[in-house]
Amino acid sequence: MDKLKEQAVLTIVELLKKEQAAERAEEYENQLLEMLEEQDRKEIAEVLAGSKLPSLLSDTIAKRIFSADSHRERLAYLLKNVVQDDSIEVEGSYTNEGLMQSRNSKKVIFDEPAKLKDGRHSDTEFQISLQEYIFRRAELYASDMLMFSYSVEEGQKKSEVSYSNTAGVLLVVLMKNSPKEFKKFNETSERYIHRFTKRTADSGISFNSMMTMVFVQLDECLKQFREGRNGEHDSAGNRLDELQILLSLVADINDEKVLKSAKDKNFMRDIIAEVKELSENKEVRAMLLAEKYAQADMNAVRSYERNEGRHEGLAIAARIIADYQSGMSDEQIAFKYGYGIDEIKAVLGH
C-alpha cells in the first residue's frame, strides 16, 4: 500500500511539474508576443489562436510538409513539375550542410536537401525575405552542392568518382517576394517560373550545365491565380493548373480562393490538414513563435543598419560573440538567434 501511495505522490509531483512547465511556456509565449511589432504580433497571434494557418514557407512547417524522408512523394511532385523533369524520384534526405572547401570557407546550410534515385542532389529553398542578390546566392549554393556530389562518400574509392560520372544538381528557389530584376521582367512577360539549364557564350555556343537552377515567383503566381490566368499555361493544361494551385498554396495558405481550389485535390487537402494539426502541437507552436521573433529581430537589425546606423546590429553581434566565447557552437548560436550559419560565421569572422 505504501508503494502505491509513493507512486501516487510521484505522479502528482510530475503532473504539477508539467502544469508549471505549461504555465512557464505560456508566460514565455506572451513575453515574446509583446516584443514583436504590431503586424508580426497579429500574424502569429492569429496562428496561435487557430484562426489562421501557419505559412508553408515557414522553416518549421516547410521542413515537415515537404520532408525528403517522410513526405518524399510531395517533394518529388514539386520538383518534377517545377523543373519539368519526370525522371525525378526522391530517395531521401542528406546533410543540410554544404561541403567545407577549406578551414576558412563559409558553411552553406540548405533548407530541404534531397538525394535523388539517379544520383543527383537537390535543394529546395523556401525564401520569405526579399533578396536582391538571389542569383549570386543560388550560384554559390548550386556550386557547393556540385562539389558535394563530386566528393567521395564514406567507403567509396576516389577512383570511382570522375568528371564523367558525377551527377548534376538541382536548386529550386521558391520566392515569396520577387526581386526587382524579376519584377522588371514581368513588365513584358507573364512567366513566373524561370529555369536555368544551359550556359551560353557570347559567340552563341552553349552546353548543358551540371547545375540546374529554377526560380519561382510565388507572388506573381498567386497574383495571376487570383486574376484567373496562368502565364505558364501550355499544352500540359490541367497539370500546370494543378501546379499553380500548389504554388499559390505555398504563397498563401490562408487565401480563400486558393483553399477552395486546393481542397478539391486529395494531396493538397492532406497538406492543409497536416498544417492544421502541426499548428495545434505545443512544440511546433513554440518553434513558430521563436521563428517569427528571430525573423523580426533580423529584420530590425537590417533596418537599423540601413536607416539608423549599425548600433543595434553591433549589440546583437556582441551577444553572439559572447555566446561563442562561452563555448556555444556556430550551429547552436544560429539556432538560438534564428540566423543562417553563414551570417553567424560572418559576425564571428570565420
# chains A, B, ... in the order shown; residues from 1 in each chain; ligands from 1
>>> residues_around(residues="Glu242 in chain A", least_positions_apart="2", cutoff="12 Å", atoms="only C-alpha atoms", output="list in words")
Tyr77, Leu78, Asn81, Val82, Phe225, Asn230, Glu232, His233, Ala236, Gly237, Asn238, Arg239, Leu240, Gln244, Ile245, Leu246, Leu247, Ser248, Leu249, Val258, Ser261, Ala262, Lys263, Asp264, Lys265, Asn266, Phe267 and Met268 of chain A
>>> write_last_selection(atoms="N, CA and C atoms", output="PDB file, in the first residue's frame")
ATOM      1  N   TYR A  77       6.822  15.486 -56.376  1.00  0.00           N
ATOM      2  CA  TYR A  77       5.813  16.133 -57.220  1.00  0.00           C
ATOM      3  C   TYR A  77       6.204  17.576 -57.496  1.00  0.00           C
ATOM      4  N   LEU A  78       6.610  18.281 -56.444  1.00  0.00           N
ATOM      5  CA  LEU A  78       7.001  19.684 -56.589  1.00  0.00           C
ATOM      6  C   LEU A  78       8.190  19.812 -57.534  1.00  0.00           C
ATOM      7  N   ASN A  81       7.454  18.867 -61.387  1.00  0.00           N
ATOM      8  CA  ASN A  81       6.650  19.821 -62.136  1.00  0.00           C
ATOM      9  C   ASN A  81       7.292  21.190 -62.262  1.00  0.00           C
ATOM     10  N   VAL A  82       8.022  21.596 -61.249  1.00  0.00           N
ATOM     11  CA  VAL A  82       8.707  22.884 -61.331  1.00  0.00           C
ATOM     12  C   VAL A  82       9.906  22.804 -62.274  1.00  0.00           C
ATOM     13  N   PHE A 225      -3.171  33.714 -60.281  1.00  0.00           N
ATOM     14  CA  PHE A 225      -4.222  32.776 -59.887  1.00  0.00           C
ATOM     15  C   PHE A 225      -5.470  33.526 -59.442  1.00  0.00           C
ATOM     16  N   ASN A 230      -2.909  32.157 -66.057  1.00  0.00           N
ATOM     17  CA  ASN A 230      -1.698  31.396 -65.760  1.00  0.00           C
ATOM     18  C   ASN A 230      -0.677  31.617 -66.868  1.00  0.00           C
ATOM     19  N   GLU A 232       2.135  30.449 -67.219  1.00  0.00           N
ATOM     20  CA  GLU A 232       2.906  29.241 -67.552  1.00  0.00           C
ATOM     21  C   GLU A 232       2.092  28.260 -68.386  1.00  0.00           C
ATOM     22  N   HIS A 233       0.869  28.617 -68.744  1.00  0.00           N
ATOM     23  CA  HIS A 233      -0.039  27.676 -69.415  1.00  0.00           C
ATOM     24  C   HIS A 233       0.486  27.276 -70.790  1.00  0.00           C
ATOM     25  N   ALA A 236       0.229  21.357 -71.560  1.00  0.00           N
ATOM     26  CA  ALA A 236       0.084  20.450 -70.414  1.00  0.00           C
ATOM     27  C   ALA A 236      -1.256  20.640 -69.699  1.00  0.00           C
ATOM     28  N   GLY A 237      -1.901  21.769 -69.949  1.00  0.00           N
ATOM     29  CA  GLY A 237      -3.259  22.005 -69.460  1.00  0.00           C
ATOM     30  C   GLY A 237      -3.453  21.846 -67.969  1.00  0.00           C
ATOM     31  N   ASN A 238      -4.257  20.858 -67.580  1.00  0.00           N
ATOM     32  CA  ASN A 238      -4.645  20.675 -66.178  1.00  0.00           C
ATOM     33  C   ASN A 238      -3.463  20.498 -65.244  1.00  0.00           C
ATOM     34  N   ARG A 239      -2.408  19.879 -65.750  1.00  0.00           N
ATOM     35  CA  ARG A 239      -1.250  19.626 -64.903  1.00  0.00           C
ATOM     36  C   ARG A 239      -0.633  20.941 -64.418  1.00  0.00           C
ATOM     37  N   LEU A 240      -0.547  21.909 -65.326  1.00  0.00           N
ATOM     38  CA  LEU A 240       0.004  23.206 -64.945  1.00  0.00           C
ATOM     39  C   LEU A 240      -0.958  23.964 -64.044  1.00  0.00           C
ATOM     40  N   GLN A 244      -0.036  25.396 -60.374  1.00  0.00           N
ATOM     41  CA  GLN A 244      -0.289  26.786 -59.982  1.00  0.00           C
ATOM     42  C   GLN A 244      -1.046  26.858 -58.649  1.00  0.00           C
ATOM     43  N   ILE A 245      -1.976  25.931 -58.456  1.00  0.00           N
ATOM     44  CA  ILE A 245      -2.718  25.897 -57.188  1.00  0.00           C
ATOM     45  C   ILE A 245      -1.767  25.576 -56.037  1.00  0.00           C
ATOM     46  N   LEU A 246      -0.894  24.572 -56.225  1.00  0.00           N
ATOM     47  CA  LEU A 246       0.049  24.194 -55.171  1.00  0.00           C
ATOM     48  C   LEU A 246       0.991  25.348 -54.846  1.00  0.00           C
ATOM     49  N   LEU A 247       1.532  26.001 -55.863  1.00  0.00           N
ATOM     50  CA  LEU A 247       2.447  27.123 -55.637  1.00  0.00           C
ATOM     51  C   LEU A 247       1.720  28.287 -54.967  1.00  0.00           C
ATOM     52  N   SER A 248       0.468  28.500 -55.328  1.00  0.00           N
ATOM     53  CA  SER A 248      -0.330  29.554 -54.698  1.00  0.00           C
ATOM     54  C   SER A 248      -0.602  29.212 -53.234  1.00  0.00           C
ATOM     55  N   LEU A 249      -0.765  27.920 -52.956  1.00  0.00           N
ATOM     56  CA  LEU A 249      -0.967  27.463 -51.578  1.00  0.00           C
ATOM     57  C   LEU A 249       0.285  27.731 -50.745  1.00  0.00           C
ATOM     58  N   VAL A 258      -7.645  30.176 -52.989  1.00  0.00           N
ATOM     59  CA  VAL A 258      -6.645  29.101 -53.081  1.00  0.00           C
ATOM     60  C   VAL A 258      -7.109  27.884 -52.291  1.00  0.00           C
ATOM     61  N   SER A 261      -9.844  25.856 -54.054  1.00  0.00           N
ATOM     62  CA  SER A 261      -9.349  25.032 -55.164  1.00  0.00           C
ATOM     63  C   SER A 261      -8.471  23.884 -54.662  1.00  0.00           C
ATOM     64  N   ALA A 262      -7.655  24.170 -53.637  1.00  0.00           N
ATOM     65  CA  ALA A 262      -6.734  23.165 -53.113  1.00  0.00           C
ATOM     66  C   ALA A 262      -7.469  21.994 -52.483  1.00  0.00           C
ATOM     67  N   LYS A 263      -8.611  22.260 -51.852  1.00  0.00           N
ATOM     68  CA  LYS A 263      -9.358  21.198 -51.171  1.00  0.00           C
ATOM     69  C   LYS A 263     -10.000  20.210 -52.139  1.00  0.00           C
ATOM     70  N   ASP A 264      -9.998  20.538 -53.427  1.00  0.00           N
ATOM     71  CA  ASP A 264     -10.501  19.610 -54.445  1.00  0.00           C
ATOM     72  C   ASP A 264      -9.438  18.596 -54.847  1.00  0.00           C
ATOM     73  N   LYS A 265      -8.190  18.818 -54.410  1.00  0.00           N
ATOM     74  CA  LYS A 265      -7.080  17.918 -54.740  1.00  0.00           C
ATOM     75  C   LYS A 265      -6.699  17.139 -53.483  1.00  0.00           C
ATOM     76  N   ASN A 266      -6.742  15.816 -53.568  1.00  0.00           N
ATOM     77  CA  ASN A 266      -6.515  14.980 -52.389  1.00  0.00           C
ATOM     78  C   ASN A 266      -5.219  15.294 -51.648  1.00  0.00           C
ATOM     79  N   PHE A 267      -4.091  15.355 -52.382  1.00  0.00           N
ATOM     80  CA  PHE A 267      -2.818  15.518 -51.688  1.00  0.00           C
ATOM     81  C   PHE A 267      -2.670  16.927 -51.105  1.00  0.00           C
ATOM     82  N   MET A 268      -3.324  17.910 -51.714  1.00  0.00           N
ATOM     83  CA  MET A 268      -3.285  19.264 -51.150  1.00  0.00           C
ATOM     84  C   MET A 268      -4.192  19.351 -49.925  1.00  0.00           C
TER      85      MET A 268
END
>>> residues_around(residues="range 189-200 of chain A", least_positions_apart="2", cutoff="6 Å", atoms="only C-alpha atoms", output="PyMOL selection string")
chain A and resi 186-187+205-209+212-217+231-232
>>> closest_residue(among="A:Met328, A:Phe182, A:Leu288, A:Asp323", to="Glu46 in chain A", atoms="only C-alpha atoms")
A:Leu288
>>> residues_around(residues="Arg285 in chain A", least_positions_apart="5", cutoff="7 Å", atoms="only C-alpha atoms", output="PyMOL selection string")
chain A and resi 48+279-280
>>> write_last_selection(atoms="C-alpha atoms", output="compact mmCIF listing (two decimals), in the first residue's frame")
# COMPACT_ATOMS: atom_id res chain seq x y z
CA LEU A 48 -1.72 30.59 -32.12
CA SER A 279 -0.32 24.34 -35.65
CA GLU A 280 -2.06 22.70 -32.68
>>> select_by_dssp(residues="range 54-214 of chain A", states="helix (DSSP H, G or I)", output="NGL selection string")
:A and (59-65 or 72-83 or 134-150 or 158-160 or 180-185)
